[in-house]
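K.L.:
I am attaching a structure below and will ask some questions about it afterwards.
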Amino acid sequence: MGFSSEVREELSEQNVKSLHCRIAMLAGIITLDAKMKREEQGRVLSIRMEQDVLVKCVKKLLEQIFGFREEDYTVIPRSSTGARLRIENSERIDRVLQTLKLRIQDDRLDVDDIVFTRSCCRGSFLKGAYLAAGSVSNPESAYQLEIVTGRESVTGQLVRILAGFGLTGHTILRRGNLLVYLKGAGDISELLGIMGAGNAMMELENVRILKEIRNTVNREVNCDTANITKITVAASRDAEQIRKVEETIGLSSLPPELQETARLRMEQPELSLSELGERLDPPLGKSGVNHRLRKIRKIAADPDSYRGC
């Protein structure tokens, strides 16, 4: 099961205790997933549910809020997973519209802002919206949560609700469909917590922490590798200059301190200048070692003119 399905499973299995939050949650599902159809027998409220977990969730909410039983609606299974739930009784449809504060816009339904007077209800509405049309990337690969809204009225509503929690919802048109999305592990983690997906939130946080640790280690390894490369290149260059001095005028012609520095540089090329200075007698700082090596390079560049230091 993917991370997005885990979130949906966790949200759908929760028992929403308060009536007002149940209303907000079902309003979120219907706003994103339902249509009001006109057929020969009259109006039909049709709720499209693409996941079996959502079918169970909607049935439970209809029973808890309205006392509806399975004989009060029709469930048409989809070919793979999920189903379409149809409420055909006009009186029952009116009860749903009035209780959930829904209004018909063309063949879709919008919810009145009065449903969101409580912070907990706003979280429940977001939960319903995610169950109906949401998905979230696997945090191992990316951080993005999105809800396909399909129309501007719902898009604006979701963005306002997210802003009320301090979250910035971005909007985009993808393949003709409007959607609202969040990017960044922090915002997604917070939204998962708001919706009540505590287990998924902890899983995301664990992944985020591990990724940060890996990134830190990689940066340190890369830095160490760069330093080693720098030391190796410098040591190779110095060794070449020292050999040139040895082949031309001989290291024994150099002052004792330059002889010691040259000998130690050749014997331990893996040392940095600071480490090299610590092994000299007496010890010398990095700038002092570099000064001696510059003298050796100058001699190697023109050994014939060397007359002693």
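Naming scheme: A, B, ... for chains in displayed order of the structure tokens; residues 1 onward per chain; ligands 1 onward as shown.
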Do a neighbour search on His170 of chain A at 8 Å with only C-alpha atoms, toss out local chain neighbours closer than 3 positions, and write the hits as a ChimeraX atom specification.

P.N.:
/A:159,180-182

K.L.:
Could you give me the residues within segment 69-142 of chain A that DSSP places in alpha helix (DSSP H), as JSON, numbers by chain?

P.N.:
{"A": [90, 91, 92, 93, 94, 95, 96, 97, 98, 99, 119, 120, 121, 122, 123, 124, 125, 126, 127, 128, 129, 130, 131, 132, 133]}

K.L.:
Filtering to C-alpha atoms, could you give me those residues as an mmCIF file, in the first residue's frame?

P.N.:
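Written file, again28.cif:
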data_model
loop_
_atom_site.group_PDB
_atom_site.id
_atom_site.type_symbol
_atom_site.label_atom_id
_atom_site.label_comp_id
_atom_site.auth_asym_id
_atom_site.auth_seq_id
_atom_site.Cartn_x
_atom_site.Cartn_y
_atom_site.Cartn_z
ATOM 1 C CA SER A 90 -36.561 13.806 -3.150
ATOM 2 C CA GLU A 91 -37.301 14.169 0.554
ATOM 3 C CA ARG A 92 -34.038 12.522 1.539
ATOM 4 C CA ILE A 93 -32.117 14.674 -0.954
ATOM 5 C CA ASP A 94 -33.621 17.826 0.586
ATOM 6 C CA ARG A 95 -32.609 16.638 4.064
ATOM 7 C CA VAL A 96 -29.027 16.174 2.875
ATOM 8 C CA LEU A 97 -28.923 19.580 1.184
ATOM 9 C CA GLN A 98 -30.416 21.421 4.156
ATOM 10 C CA THR A 99 -28.415 19.678 6.874
ATOM 11 C CA SER A 119 -11.753 24.958 13.664
ATOM 12 C CA CYS A 120 -12.476 21.246 14.162
ATOM 13 C CA CYS A 121 -15.111 21.391 11.394
ATOM 14 C CA ARG A 122 -12.651 22.996 9.002
ATOM 15 C CA GLY A 123 -10.292 20.111 9.677
ATOM 16 C CA SER A 124 -13.125 17.627 9.103
ATOM 17 C CA PHE A 125 -14.053 19.298 5.808
ATOM 18 C CA LEU A 126 -10.423 19.010 4.666
ATOM 19 C CA LYS A 127 -10.483 15.351 5.713
ATOM 20 C CA GLY A 128 -13.565 14.723 3.575
ATOM 21 C CA ALA A 129 -12.093 16.628 0.636
ATOM 22 C CA TYR A 130 -8.886 14.596 0.826
ATOM 23 C CA LEU A 131 -10.789 11.302 1.025
ATOM 24 C CA ALA A 132 -12.792 12.264 -2.042
ATOM 25 C CA ALA A 133 -10.142 13.784 -4.298
#

K.L.:
Nearest to Pro282 of chain A: which of A:Lys295, A:Arg243, A:Thr261, A:Leu61 is it, counting only C-alpha atoms?

P.N.:
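Between A:Lys295, A:Arg243, A:Thr261, A:Leu61, the residue approaching Pro282 of chain A most closely is A:Thr261.
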
K.L.:
Quick one: which segment 1-109 of chain A residues come within 7 Å of segment 188-201 of chain A, and what is the nearest atom pair for each with the distance in Å to one decimal, counting only C-alpha atoms, rows ordered by chain and ascending number, as CSV?

P.N.:
residue,atom,partner,partner_atom,distance
A:Val7,CA,A:Ala200,CA,6.0
A:Glu10,CA,A:Ala197,CA,6.2
A:Leu11,CA,A:Ala197,CA,6.0

K.L.:
Might you pull out every residue within 12 Å of Ser141 of chain A, with only C-alpha atoms counted and same-chain residues fewer than 6 positions away left off, and present them as JSON, numbers by chain?

P.N.:
{"A": [3, 185, 204, 207, 208, 211]}

K.L.:
In Å to one decimal, how far is atom CA of Ala34 of chain A from atom CA of Ser12 of chain A?

P.N.:
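The value is 17.7 Å.
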
K.L.:
What is the atom CA of Val148 of chain A to atom CA of Ile30 of chain A distance in Å?

P.N.:
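A separation of 13.2 Å between them.
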
K.L.:
Mind the document's chain letters and residue numbers, and return as a CSV table (one decimal) with N, CA and C atoms, in the first residue's frame the residues of segment 13-215 of chain A that DSSP labels strand (DSSP E).

P.N.:
chain,number,residue,atom,x,y,z
A,34,ALA,N,-19.7,14.6,-5.7
A,34,ALA,CA,-21.1,14.4,-6.0
A,34,ALA,C,-21.6,15.3,-7.1
A,35,LYS,N,-22.7,14.8,-7.7
A,35,LYS,CA,-23.4,15.6,-8.7
A,35,LYS,C,-24.9,15.5,-8.5
A,36,MET,N,-25.7,16.5,-8.8
A,36,MET,CA,-27.1,16.5,-8.8
A,36,MET,C,-27.6,16.2,-10.2
A,37,LYS,N,-28.2,15.1,-10.5
A,37,LYS,CA,-28.6,14.7,-11.8
A,37,LYS,C,-30.1,14.9,-12.0
A,38,ARG,N,-30.5,15.2,-13.2
A,38,ARG,CA,-31.9,15.2,-13.5
A,38,ARG,C,-32.2,14.0,-14.4
A,39,GLU,N,-33.0,13.1,-13.9
A,39,GLU,CA,-33.4,11.9,-14.7
A,39,GLU,C,-35.0,11.9,-14.8
A,42,GLY,N,-36.9,12.1,-11.7
A,42,GLY,CA,-36.7,13.3,-10.9
A,42,GLY,C,-35.2,13.5,-10.6
A,43,ARG,N,-35.0,14.2,-9.4
A,43,ARG,CA,-33.6,14.5,-9.0
A,43,ARG,C,-32.9,13.2,-8.5
A,44,VAL,N,-31.6,13.1,-8.7
A,44,VAL,CA,-30.8,12.1,-8.1
A,44,VAL,C,-29.5,12.7,-7.6
A,45,LEU,N,-29.2,12.4,-6.4
A,45,LEU,CA,-27.9,12.9,-5.8
A,45,LEU,C,-27.0,11.7,-6.0
A,46,SER,N,-25.9,11.8,-6.8
A,46,SER,CA,-25.0,10.8,-7.1
A,46,SER,C,-23.6,11.1,-6.6
A,47,ILE,N,-23.1,10.2,-5.7
A,47,ILE,CA,-21.8,10.4,-5.1
A,47,ILE,C,-20.9,9.3,-5.7
A,48,ARG,N,-19.8,9.8,-6.4
A,48,ARG,CA,-18.8,8.9,-7.0
A,48,ARG,C,-17.7,8.6,-6.0
A,49,MET,N,-17.5,7.4,-5.7
A,49,MET,CA,-16.5,7.0,-4.7
A,49,MET,C,-15.5,6.0,-5.3
A,74,THR,N,-29.1,3.6,-3.3
A,74,THR,CA,-28.6,2.5,-4.2
A,74,THR,C,-27.1,2.6,-4.4
A,75,VAL,N,-26.4,1.5,-4.3
A,75,VAL,CA,-25.0,1.4,-4.5
A,75,VAL,C,-24.7,0.6,-5.7
A,76,ILE,N,-24.0,1.3,-6.7
A,76,ILE,CA,-23.6,0.6,-7.9
A,76,ILE,C,-22.1,0.4,-7.9
A,77,PRO,N,-21.6,-0.8,-7.7
A,77,PRO,CA,-20.2,-1.1,-7.7
A,77,PRO,C,-19.5,-0.7,-9.0
A,83,ALA,N,-17.5,2.6,-5.7
A,83,ALA,CA,-18.9,2.5,-6.1
A,83,ALA,C,-19.5,3.9,-6.4
A,84,ARG,N,-20.7,3.9,-6.9
A,84,ARG,CA,-21.4,5.1,-7.0
A,84,ARG,C,-22.7,5.0,-6.2
A,85,LEU,N,-22.9,5.9,-5.3
A,85,LEU,CA,-24.0,5.8,-4.4
A,85,LEU,C,-25.0,6.9,-4.8
A,86,ARG,N,-26.3,6.4,-5.0
A,86,ARG,CA,-27.4,7.3,-5.5
A,86,ARG,C,-28.5,7.4,-4.5
A,87,ILE,N,-28.8,8.6,-4.2
A,87,ILE,CA,-30.0,8.9,-3.4
A,87,ILE,C,-31.1,9.5,-4.3
A,102,LEU,N,-25.8,22.7,1.6
A,102,LEU,CA,-25.3,22.6,0.3
A,102,LEU,C,-26.3,23.4,-0.7
A,103,ARG,N,-25.7,24.0,-1.7
A,103,ARG,CA,-26.5,24.7,-2.7
A,103,ARG,C,-26.0,24.1,-4.1
A,104,ILE,N,-27.0,24.1,-5.0
A,104,ILE,CA,-26.7,23.5,-6.3
A,104,ILE,C,-26.1,24.5,-7.2
A,105,GLN,N,-25.0,24.2,-7.9
A,105,GLN,CA,-24.4,25.1,-8.9
A,105,GLN,C,-24.2,24.3,-10.1
A,108,ARG,N,-23.3,20.5,-9.9
A,108,ARG,CA,-22.4,20.3,-8.7
A,108,ARG,C,-22.9,21.0,-7.5
A,109,LEU,N,-22.3,20.7,-6.3
A,109,LEU,CA,-22.8,21.2,-5.1
A,109,LEU,C,-21.7,22.0,-4.3
A,110,ASP,N,-22.0,23.2,-3.8
A,110,ASP,CA,-21.1,24.0,-3.0
A,110,ASP,C,-21.7,24.0,-1.6
A,111,VAL,N,-20.8,24.2,-0.6
A,111,VAL,CA,-21.2,24.2,0.8
A,111,VAL,C,-21.1,25.6,1.3
A,134,GLY,N,-8.2,13.6,-2.9
A,134,GLY,CA,-6.8,14.0,-2.5
A,134,GLY,C,-5.8,12.9,-2.7
A,135,SER,N,-4.5,13.3,-2.7
A,135,SER,CA,-3.4,12.3,-2.8
A,135,SER,C,-2.2,13.0,-2.3
A,136,VAL,N,-1.2,12.2,-1.8
A,136,VAL,CA,0.0,12.7,-1.3
A,136,VAL,C,1.2,11.9,-1.8
A,144,GLN,N,4.6,16.5,-1.7
A,144,GLN,CA,3.5,17.2,-2.3
A,144,GLN,C,2.2,16.5,-2.0
A,145,LEU,N,1.2,17.3,-1.5
A,145,LEU,CA,-0.1,16.9,-1.3
A,145,LEU,C,-1.1,17.7,-2.1
A,146,GLU,N,-2.0,17.1,-2.8
A,146,GLU,CA,-2.9,17.8,-3.6
A,146,GLU,C,-4.4,17.3,-3.5
A,147,ILE,N,-5.3,18.2,-3.8
A,147,ILE,CA,-6.7,17.9,-3.9
A,147,ILE,C,-7.3,18.4,-5.2
A,148,VAL,N,-7.8,17.5,-6.0
A,148,VAL,CA,-8.4,18.0,-7.3
A,148,VAL,C,-9.8,18.6,-7.0
A,170,HIS,N,-1.4,26.3,-2.9
A,170,HIS,CA,-1.2,26.8,-4.3
A,170,HIS,C,-2.2,26.2,-5.2
A,171,THR,N,-2.5,26.9,-6.3
A,171,THR,CA,-3.4,26.3,-7.3
A,171,THR,C,-2.8,26.2,-8.6
A,172,ILE,N,-3.3,25.2,-9.4
A,172,ILE,CA,-2.7,25.0,-10.7
A,172,ILE,C,-3.8,24.3,-11.6
A,173,LEU,N,-3.8,24.5,-12.9
A,173,LEU,CA,-4.7,23.8,-13.8
A,173,LEU,C,-3.9,22.7,-14.5
A,174,ARG,N,-4.3,21.5,-14.2
A,174,ARG,CA,-3.6,20.3,-14.8
A,174,ARG,C,-4.6,19.5,-15.6
A,177,ASN,N,-8.1,20.3,-15.2
A,177,ASN,CA,-8.7,20.2,-13.8
A,177,ASN,C,-8.0,21.1,-12.9
A,178,LEU,N,-8.7,21.9,-12.1
A,178,LEU,CA,-8.1,22.8,-11.1
A,178,LEU,C,-7.8,21.9,-9.9
A,179,LEU,N,-6.7,22.2,-9.3
A,179,LEU,CA,-6.3,21.5,-8.0
A,179,LEU,C,-5.6,22.5,-7.1
A,180,VAL,N,-5.7,22.1,-5.8
A,180,VAL,CA,-5.0,22.9,-4.7
A,180,VAL,C,-3.9,21.9,-4.2
A,181,TYR,N,-2.7,22.5,-4.0
A,181,TYR,CA,-1.6,21.6,-3.5
A,181,TYR,C,-0.8,22.3,-2.5
A,182,LEU,N,-0.1,21.5,-1.6
A,182,LEU,CA,0.8,22.0,-0.7
A,182,LEU,C,2.2,21.3,-1.0
A,183,LYS,N,3.2,22.1,-0.8
A,183,LYS,CA,4.6,21.6,-1.0
A,183,LYS,C,5.4,21.8,0.3

K.L.:
Using only C-alpha atoms, which residues sit within 9 Å of Val53 of chain A once same-chain residues fewer than 5 positions away are excluded, as a ChimeraX atom specification?

P.N.:
/A:8-9,12-13,58,82,131

K.L.:
So how many Å separate atom CA of Leu210 of chain A and atom CA of Ala142 of chain A, to one decimal?

P.N.:
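So the two atoms, atom CA of Leu210 of chain A and atom CA of Ala142 of chain A, lie 13.7 Å apart.
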
K.L.:
Extract, using only C-alpha atoms, all DNA, RNA and protein residues at most 12 Å from segment 287-290 of chain A, discarding same-chain residues fewer than 4 positions from it, and format them as a PyMOL selection string.

P.N.:
chain A and resi 234-235+238+257-258+260-262+264-265+271-283+294-297
